[in-house]
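Data block for input_19.cif (mmCIF, C-alpha atoms and all ligand atoms):
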```
data_entry
#
loop_
_atom_site.label_atom_id
_atom_site.label_comp_id
_atom_site.auth_asym_id
_atom_site.auth_seq_id
_atom_site.Cartn_x
_atom_site.Cartn_y
_atom_site.Cartn_z
CA MET A 1 4.14 18.06 8.18
CA ALA A 2 4.37 16.66 4.68
CA GLY A 3 2.97 13.19 4.03
CA THR A 4 1.30 12.83 7.42
CA THR A 5 -2.27 11.87 8.19
CA LEU A 6 -4.17 12.84 11.32
CA THR A 7 -7.19 10.60 11.90
CA VAL A 8 -10.04 11.18 14.36
CA ILE A 9 -12.23 8.16 15.25
CA SER A 10 -15.28 8.14 17.52
CA GLY A 11 -16.29 4.91 19.27
CA ALA A 12 -12.73 3.59 19.16
CA SER A 13 -12.79 1.58 22.40
CA ARG A 14 -14.45 -1.53 20.93
CA GLY A 15 -15.69 -3.14 17.74
CA LEU A 16 -15.17 -1.55 14.35
CA GLY A 17 -13.82 1.72 15.80
CA HIS A 18 -11.12 -0.09 17.79
CA ALA A 19 -10.03 -2.03 14.70
CA LEU A 20 -9.96 1.20 12.67
CA ALA A 21 -7.83 2.85 15.37
CA LEU A 22 -5.29 -0.02 15.46
CA ARG A 23 -5.07 -0.15 11.67
CA SER A 24 -4.69 3.64 11.40
CA LEU A 25 -1.82 3.61 13.89
CA ALA A 26 -0.20 0.71 12.02
CA ALA A 27 -0.43 2.81 8.84
CA GLY A 28 1.47 5.60 10.65
CA HIS A 29 -1.46 7.97 11.19
CA ARG A 30 -1.48 10.25 14.21
CA LEU A 31 -4.68 9.52 16.07
CA ILE A 32 -7.37 11.21 18.17
CA THR A 33 -10.04 8.88 19.55
CA LEU A 34 -13.31 9.37 21.43
CA ALA A 35 -15.38 7.01 23.62
CA ARG A 36 -16.86 6.80 27.11
CA SER A 37 -14.22 4.27 28.17
CA PRO A 38 -10.55 5.10 28.69
CA LEU A 39 -8.35 3.92 25.86
CA SER A 40 -4.66 3.18 25.63
CA LEU A 41 -3.26 2.02 22.30
CA PRO A 42 0.19 0.72 21.31
CA VAL A 43 1.85 3.76 19.74
CA HIS A 44 5.06 3.00 17.87
CA GLY A 45 6.57 6.22 16.61
CA SER A 46 3.13 7.76 16.12
CA SER A 47 0.85 9.62 18.56
CA HIS A 48 -2.50 8.99 20.21
CA GLN A 49 -4.74 11.33 22.20
CA HIS A 50 -8.05 10.18 23.68
CA ILE A 51 -11.15 12.20 24.56
CA GLN A 52 -13.23 10.34 27.15
CA THR A 53 -16.81 11.54 26.85
CA ASP A 54 -20.46 10.50 26.54
CA LEU A 55 -21.50 11.59 23.05
CA ALA A 56 -25.12 10.63 23.79
CA THR A 57 -25.44 13.77 25.93
CA VAL A 58 -25.49 17.35 24.67
CA HIS A 59 -22.96 18.30 27.34
CA GLY A 60 -20.60 15.42 26.50
CA ALA A 61 -20.68 16.22 22.80
CA ALA A 62 -20.00 19.92 23.48
CA GLN A 63 -17.02 19.05 25.74
CA ALA A 64 -15.71 16.69 23.07
CA CYS A 65 -15.92 19.40 20.40
CA THR A 66 -14.01 21.91 22.56
CA ALA A 67 -11.27 19.34 23.24
CA LEU A 68 -11.14 18.21 19.61
CA LEU A 69 -10.89 21.77 18.31
CA GLN A 70 -7.98 22.48 20.68
CA MET A 71 -6.14 19.32 19.65
CA LEU A 72 -6.70 19.86 15.92
CA ARG A 73 -5.42 23.43 16.07
CA GLN A 74 -2.09 22.09 17.35
CA GLU A 75 -1.77 19.46 14.63
CA HIS A 76 -0.12 19.91 11.24
CA ALA A 77 -0.78 17.28 8.61
CA GLU A 78 -1.18 16.92 4.89
CA ARG A 79 -4.39 14.94 5.27
CA PHE A 80 -7.09 15.00 7.95
CA VAL A 81 -9.62 12.17 8.34
CA LEU A 82 -12.71 12.11 10.58
CA ILE A 83 -14.46 8.75 11.05
CA ASN A 84 -17.80 9.18 12.85
CA ASN A 85 -18.22 5.59 13.99
CA ALA A 86 -19.74 5.65 17.51
CA GLY A 87 -23.33 4.46 17.42
CA THR A 88 -26.08 2.54 19.15
CA VAL A 89 -28.89 0.32 17.89
CA ASP A 90 -30.97 1.03 21.02
CA PRO A 91 -33.81 1.50 21.72
CA VAL A 92 -34.91 -1.68 19.91
CA ALA A 93 -38.72 -1.71 20.05
CA GLN A 94 -41.85 -1.73 17.95
CA THR A 95 -42.98 1.78 16.99
CA ALA A 96 -46.12 1.40 19.16
CA ASP A 97 -43.84 0.95 22.19
CA LEU A 98 -41.52 3.92 21.62
CA LEU A 99 -42.61 5.95 24.66
CA ASP A 100 -39.18 6.39 26.27
CA ALA A 101 -38.35 9.86 24.95
CA GLN A 102 -35.03 9.93 26.79
CA ALA A 103 -33.81 6.72 25.13
CA ILE A 104 -34.84 8.08 21.72
CA ALA A 105 -33.12 11.41 22.39
CA ARG A 106 -29.88 9.68 23.50
CA ALA A 107 -29.81 7.59 20.33
CA LEU A 108 -30.43 10.56 18.04
CA GLN A 109 -27.88 12.60 19.97
CA LEU A 110 -25.20 9.89 19.58
CA ASN A 111 -25.96 8.65 16.05
CA LEU A 112 -26.75 12.03 14.51
CA ALA A 113 -26.36 15.26 16.51
CA SER A 114 -22.89 14.44 17.88
CA VAL A 115 -21.78 13.64 14.32
CA MET A 116 -22.89 17.11 13.20
CA ASN A 117 -21.06 18.71 16.15
CA LEU A 118 -17.83 16.72 15.71
CA THR A 119 -17.83 17.37 11.98
CA ALA A 120 -18.25 21.12 12.55
CA ALA A 121 -15.32 21.06 15.02
CA PHE A 122 -13.28 19.08 12.48
CA MET A 123 -14.08 21.60 9.71
CA GLN A 124 -13.18 24.55 11.95
CA GLY A 125 -10.01 22.94 13.33
CA THR A 126 -8.43 21.84 10.04
CA PRO A 127 -7.14 23.97 7.16
CA ALA A 128 -9.33 24.05 4.04
CA THR A 129 -6.13 23.73 1.99
CA ALA A 130 -5.43 20.22 3.37
CA ARG A 131 -6.97 17.04 2.00
CA ARG A 132 -9.97 16.48 4.29
CA GLN A 133 -12.09 13.31 4.43
CA VAL A 134 -15.22 12.66 6.52
CA LEU A 135 -16.47 9.08 6.74
CA ASN A 136 -19.77 8.54 8.53
CA ILE A 137 -20.49 4.92 9.46
CA SER A 138 -24.07 4.38 8.38
CA SER A 139 -26.11 1.17 8.03
CA GLY A 140 -28.23 -0.72 5.54
CA ALA A 141 -30.97 -0.19 8.16
CA GLY A 142 -31.05 3.48 7.15
CA ARG A 143 -31.77 2.54 3.54
CA LYS A 144 -34.39 -0.17 4.07
CA PRO A 145 -36.73 -0.29 7.11
CA VAL A 146 -36.17 -3.03 9.68
CA SER A 147 -38.97 -3.90 12.12
CA GLY A 148 -37.87 -2.94 15.64
CA TRP A 149 -35.15 -0.56 14.47
CA ALA A 150 -37.25 2.56 13.81
CA VAL A 151 -34.99 4.83 15.87
CA TYR A 152 -31.75 3.32 14.57
CA GLY A 153 -32.93 3.33 10.94
CA ALA A 154 -34.25 6.89 11.19
CA SER A 155 -30.95 8.07 12.70
CA LYS A 156 -28.88 6.40 9.95
CA ALA A 157 -31.20 7.66 7.16
CA ALA A 158 -30.81 11.15 8.60
CA LEU A 159 -27.04 10.60 8.79
CA ASP A 160 -27.07 9.77 5.07
CA PHE A 161 -29.03 12.94 4.31
CA TYR A 162 -26.76 15.04 6.52
CA THR A 163 -23.69 13.67 4.70
CA GLN A 164 -25.15 14.65 1.34
CA THR A 165 -25.70 18.20 2.63
CA LEU A 166 -22.15 18.30 4.02
CA GLN A 167 -20.80 17.31 0.60
CA LEU A 168 -23.05 19.80 -1.22
CA GLU A 169 -21.79 22.68 0.93
CA ASN A 170 -18.13 21.63 0.80
CA PRO A 171 -17.17 20.35 -2.65
CA SER A 172 -13.45 20.22 -1.80
CA LEU A 173 -14.14 17.88 1.13
CA GLN A 174 -14.45 14.14 0.48
CA ALA A 175 -17.54 13.00 2.40
CA CYS A 176 -19.07 9.54 2.50
CA SER A 177 -21.80 7.80 4.47
CA MET A 178 -20.79 4.15 4.38
CA ALA A 179 -22.77 1.03 5.27
CA PRO A 180 -20.14 -1.35 6.74
CA GLY A 181 -21.93 -4.72 6.40
CA VAL A 182 -22.72 -7.07 9.29
CA ILE A 183 -19.74 -7.20 11.67
CA ASP A 184 -18.96 -9.48 14.61
CA THR A 185 -18.93 -6.88 17.42
CA ASP A 186 -20.64 -6.22 20.76
CA MET A 187 -23.44 -4.53 18.81
CA GLN A 188 -24.24 -7.83 17.06
CA SER A 189 -24.21 -9.83 20.31
CA HIS A 190 -26.54 -7.20 21.80
CA ILE A 191 -28.85 -7.59 18.76
CA ARG A 192 -28.93 -11.40 19.29
CA GLN A 193 -30.15 -10.82 22.85
CA GLN A 194 -33.29 -8.94 21.78
CA SER A 195 -36.76 -10.49 22.10
CA ARG A 196 -38.70 -11.57 19.02
CA ASP A 197 -41.55 -9.29 20.13
CA ASP A 198 -39.31 -6.24 19.91
CA PHE A 199 -37.24 -7.49 16.99
CA PRO A 200 -39.06 -9.98 14.71
CA GLY A 201 -36.00 -10.38 12.44
CA LEU A 202 -33.97 -11.99 15.23
CA ASN A 203 -33.61 -15.40 13.51
CA ARG A 204 -31.70 -13.97 10.57
CA PHE A 205 -29.08 -12.50 12.90
CA LEU A 206 -28.86 -15.71 14.96
CA GLU A 207 -28.25 -17.64 11.72
CA LEU A 208 -25.65 -15.18 10.37
CA HIS A 209 -23.71 -15.74 13.59
CA GLN A 210 -24.30 -19.50 13.73
CA TYR A 211 -23.11 -20.00 10.14
CA GLY A 212 -20.06 -17.74 10.50
CA GLN A 213 -21.35 -15.13 8.05
CA LEU A 214 -20.34 -12.04 10.02
CA SER A 215 -17.33 -10.02 8.88
CA THR A 216 -14.58 -9.45 11.40
CA ALA A 217 -13.99 -5.91 12.61
CA HIS A 218 -10.37 -6.10 11.39
CA ASP A 219 -11.30 -7.19 7.84
CA THR A 220 -13.91 -4.43 7.66
CA ALA A 221 -11.43 -1.86 9.01
CA ASP A 222 -8.84 -2.93 6.41
CA ARG A 223 -11.36 -2.51 3.59
CA ILE A 224 -12.48 0.89 4.90
CA LEU A 225 -8.91 2.19 5.24
CA ARG A 226 -8.02 0.90 1.76
CA HIS A 227 -11.06 2.71 0.40
CA LEU A 228 -10.15 5.94 2.25
CA ASP A 229 -6.71 5.76 0.60
CA SER A 230 -8.11 5.15 -2.88
CA PRO A 231 -8.95 7.88 -5.43
CA ALA A 232 -12.50 6.47 -5.54
CA PHE A 233 -13.23 7.60 -1.98
CA GLY A 234 -16.04 10.16 -1.91
CA SER A 235 -17.13 9.60 -5.50
CA HIS A 236 -20.33 8.09 -4.03
CA THR A 237 -21.59 10.04 -1.03
CA LEU A 238 -23.87 7.13 -0.06
CA ASP A 239 -21.87 3.94 -0.25
CA ASP A 240 -21.51 0.38 1.01
CA ILE A 241 -18.12 -1.18 1.80
CA ARG A 242 -19.39 -4.50 0.37
CA HIS A 243 -19.03 -2.89 -3.08
CA TYR A 244 -15.23 -2.92 -2.63
CA GLU A 245 -12.61 -5.65 -2.24
N1 LIG A 301 -21.81 -4.31 13.92
C1 LIG A 301 -22.57 -4.28 12.84
O1 LIG A 301 -22.98 -5.32 12.29
C2 LIG A 301 -22.92 -2.96 12.22
C3 LIG A 301 -23.73 -2.97 11.05
C4 LIG A 301 -24.05 -1.75 10.45
C5 LIG A 301 -23.59 -0.57 11.00
N2 LIG A 301 -22.82 -0.59 12.13
C6 LIG A 301 -22.36 0.70 12.65
O2 LIG A 301 -20.96 0.62 12.88
C7 LIG A 301 -20.59 1.50 13.96
C8 LIG A 301 -19.74 0.72 14.97
O3 LIG A 301 -20.52 -0.36 15.45
P1 LIG A 301 -19.90 -1.55 16.31
O4 LIG A 301 -20.62 -2.75 15.88
O5 LIG A 301 -18.44 -1.50 16.32
O6 LIG A 301 -20.48 -1.14 17.75
P2 LIG A 301 -20.00 -1.53 19.23
O7 LIG A 301 -19.21 -2.77 19.21
O8 LIG A 301 -21.22 -1.47 20.06
O9 LIG A 301 -19.02 -0.30 19.61
C9 LIG A 301 -19.58 0.99 19.70
C10 LIG A 301 -18.49 2.00 19.98
O10 LIG A 301 -19.15 3.27 20.16
C11 LIG A 301 -18.81 3.79 21.43
N3 LIG A 301 -19.95 4.45 22.04
C12 LIG A 301 -21.16 3.90 22.30
N4 LIG A 301 -21.94 4.76 22.95
C13 LIG A 301 -21.19 5.88 23.12
C14 LIG A 301 -21.44 7.12 23.74
N5 LIG A 301 -22.61 7.37 24.35
N6 LIG A 301 -20.47 8.06 23.72
C15 LIG A 301 -19.27 7.81 23.12
N7 LIG A 301 -18.99 6.65 22.51
C16 LIG A 301 -19.94 5.69 22.52
C17 LIG A 301 -18.39 2.58 22.27
O11 LIG A 301 -17.46 2.94 23.27
P3 LIG A 301 -17.83 3.15 24.83
O12 LIG A 301 -18.80 2.10 25.22
O13 LIG A 301 -16.49 3.06 25.49
O14 LIG A 301 -18.39 4.53 24.89
C18 LIG A 301 -17.71 1.70 21.24
O15 LIG A 301 -16.36 2.07 21.11
C19 LIG A 301 -21.91 2.03 14.53
O16 LIG A 301 -22.15 3.32 14.02
C20 LIG A 301 -22.94 1.06 14.00
O17 LIG A 301 -24.22 1.65 13.89
C21 LIG A 301 -22.48 -1.75 12.74
#
```
Take the structure I supplied and represent it as structure tokens, if you would.
Amino acid sequence: MAGTTLTVISGASRGLGHALALRSLAAGHRLITLARSPLSLPVHGSSHQHIQTDLATVHGAAQACTALLQMLRQEHAERFVLINNAGTVDPVAQTADLLDAQAIARALQLNLASVMNLTAAFMQGTPATARRQVLNISSGAGRKPVSGWAVYGASKAALDFYTQTLQLENPSLQACSMAPGVIDTDMQSHIRQQSRDDFPGLNRFLELHQYGQLSTAHDTADRILRHLDSPAFGSHTLDDIRHYE
């Protein structure tokens, strides 16, 4: 269908993903969302389908890909957008304490492996002739080490590297791994609850919150969607939304 956009967003039940979903619907996009929680959004003349799944498990990610592929094959649009946004900062711990292999595996599965799977399903389910955009939500923590965030930082650094490979292999695709800044979401309140032993940088995050220096999820979502709409999107595969108005 001419002029239409179909947008897929993971982690759309809360935080940045939820704001991106609401803004995408308001912009008239048809929407497919993913999260563990159920999700019902106000659809006015657009459409919304939700895939309820745990992307931190191999099985959940595989189920999500099967469902996504089926949905995409029934959609016709001029432009297809995938926003890989679901993520976790856990396990937060010093490297000497990282003995919980299951917690590490869940984080890498959610922050990295499920992104690879969903992106493959997106590539297979959408026509190469359409305008296709993949936006991976990264973090400054993947570009500069943060004490206590070894797993998170490693997963986001790997996400950056994966995105560069995706772009290399698919020059007609617009791919970007975007650091979104520090946003007032559940993830930030979870960070503020960590112990100083596990996370020595705690004070900085307490102060950012105390002095009102966090971005809102809706402001960040607006900036991200504006950037996705702009011709500049994808010109830098590794990017930071704070570089844009
Ligand atoms: N907030 C920040 O300051 C900040 C800074 C830099 C980067 N980021 C990145 O921005 C993205 C969004 O963060 P946020 O702050 O909005 O986080 P958030 O408030 O914790 O929300 C995370 C979203 O991911 C979903 N999710 C979590 N675990 C999942 C799982 N196992 N399977 C499927 N979905 C899952 C959650 O939904 P369910 O619980 O319903 O599954 C939720 O919708 C993340 O990739 C994060 O790393 C955030």
Item to complete: Pick out the closest residue to Gly234 in chain A from this set: A:Arg73, A:Lys144, A:Arg192, A:Arg132. Count only C-alpha atoms.
Response: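 Comparing A:Arg73, A:Lys144, A:Arg192, A:Arg132 against Gly234 in chain A, the winner is A:Arg132.
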Discussion item. Report, in Å to a single decimal, how far apart CA of Val146 in chain A and atom O17 of ligand LIG 301 (chain A) are.
Written reply: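 These two atoms are separated by 13.5 Å.
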For ligand LIG 301 (chain A), return the neighbouring residues as a tab-separated table (two decimals) with C-alpha atoms, in the frame of the given file (distance at most 7 Å; all atoms listed in the file).
```
chain	number	residue	atom	x	y	z
A	10	SER	CA	-15.28	8.14	17.52
A	11	GLY	CA	-16.29	4.91	19.27
A	12	ALA	CA	-12.73	3.59	19.16
A	13	SER	CA	-12.79	1.58	22.40
A	14	ARG	CA	-14.45	-1.53	20.93
A	15	GLY	CA	-15.69	-3.14	17.74
A	16	LEU	CA	-15.17	-1.55	14.35
A	17	GLY	CA	-13.82	1.72	15.80
A	18	HIS	CA	-11.12	-0.09	17.79
A	34	LEU	CA	-13.31	9.37	21.43
A	35	ALA	CA	-15.38	7.01	23.62
A	36	ARG	CA	-16.86	6.80	27.11
A	37	SER	CA	-14.22	4.27	28.17
A	53	THR	CA	-16.81	11.54	26.85
A	54	ASP	CA	-20.46	10.50	26.54
A	55	LEU	CA	-21.50	11.59	23.05
A	56	ALA	CA	-25.12	10.63	23.79
A	85	ASN	CA	-18.22	5.59	13.99
A	86	ALA	CA	-19.74	5.65	17.51
A	87	GLY	CA	-23.33	4.46	17.42
A	88	THR	CA	-26.08	2.54	19.15
A	89	VAL	CA	-28.89	0.32	17.89
A	110	LEU	CA	-25.20	9.89	19.58
A	111	ASN	CA	-25.96	8.65	16.05
A	137	ILE	CA	-20.49	4.92	9.46
A	138	SER	CA	-24.07	4.38	8.38
A	139	SER	CA	-26.11	1.17	8.03
A	140	GLY	CA	-28.23	-0.72	5.54
A	179	ALA	CA	-22.77	1.03	5.27
A	180	PRO	CA	-20.14	-1.35	6.74
A	181	GLY	CA	-21.93	-4.72	6.40
A	182	VAL	CA	-22.72	-7.07	9.29
A	183	ILE	CA	-19.74	-7.20	11.67
A	184	ASP	CA	-18.96	-9.48	14.61
A	185	THR	CA	-18.93	-6.88	17.42
A	186	ASP	CA	-20.64	-6.22	20.76
A	187	MET	CA	-23.44	-4.53	18.81
A	188	GLN	CA	-24.24	-7.83	17.06
```
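Going from CA of Ala232 in chain A to CA of Ala157 in chain A covers 22.6 Å.
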Practice prompt. Find the spatial neighbours of Thr33 in chain A, counting all atoms listed in the file, within a cut-off of 12 Å - ignore same-chain residues fewer than 5 positions away - and output them as a PyMOL selection string.
Written response: chain A and resi 6-14+17-22+24-25+38-41+47-53+64+67-68+71+81-86+118
Item to complete: Would you mind telling me which residue in A:His59, A:His218, A:Arg79, A:His236 lies nearest to Pro127 in chain A when using all atoms listed in the file?
Response: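 Looking only at the distances to Pro127 in chain A, the closest residue turns out to be A:Arg79.
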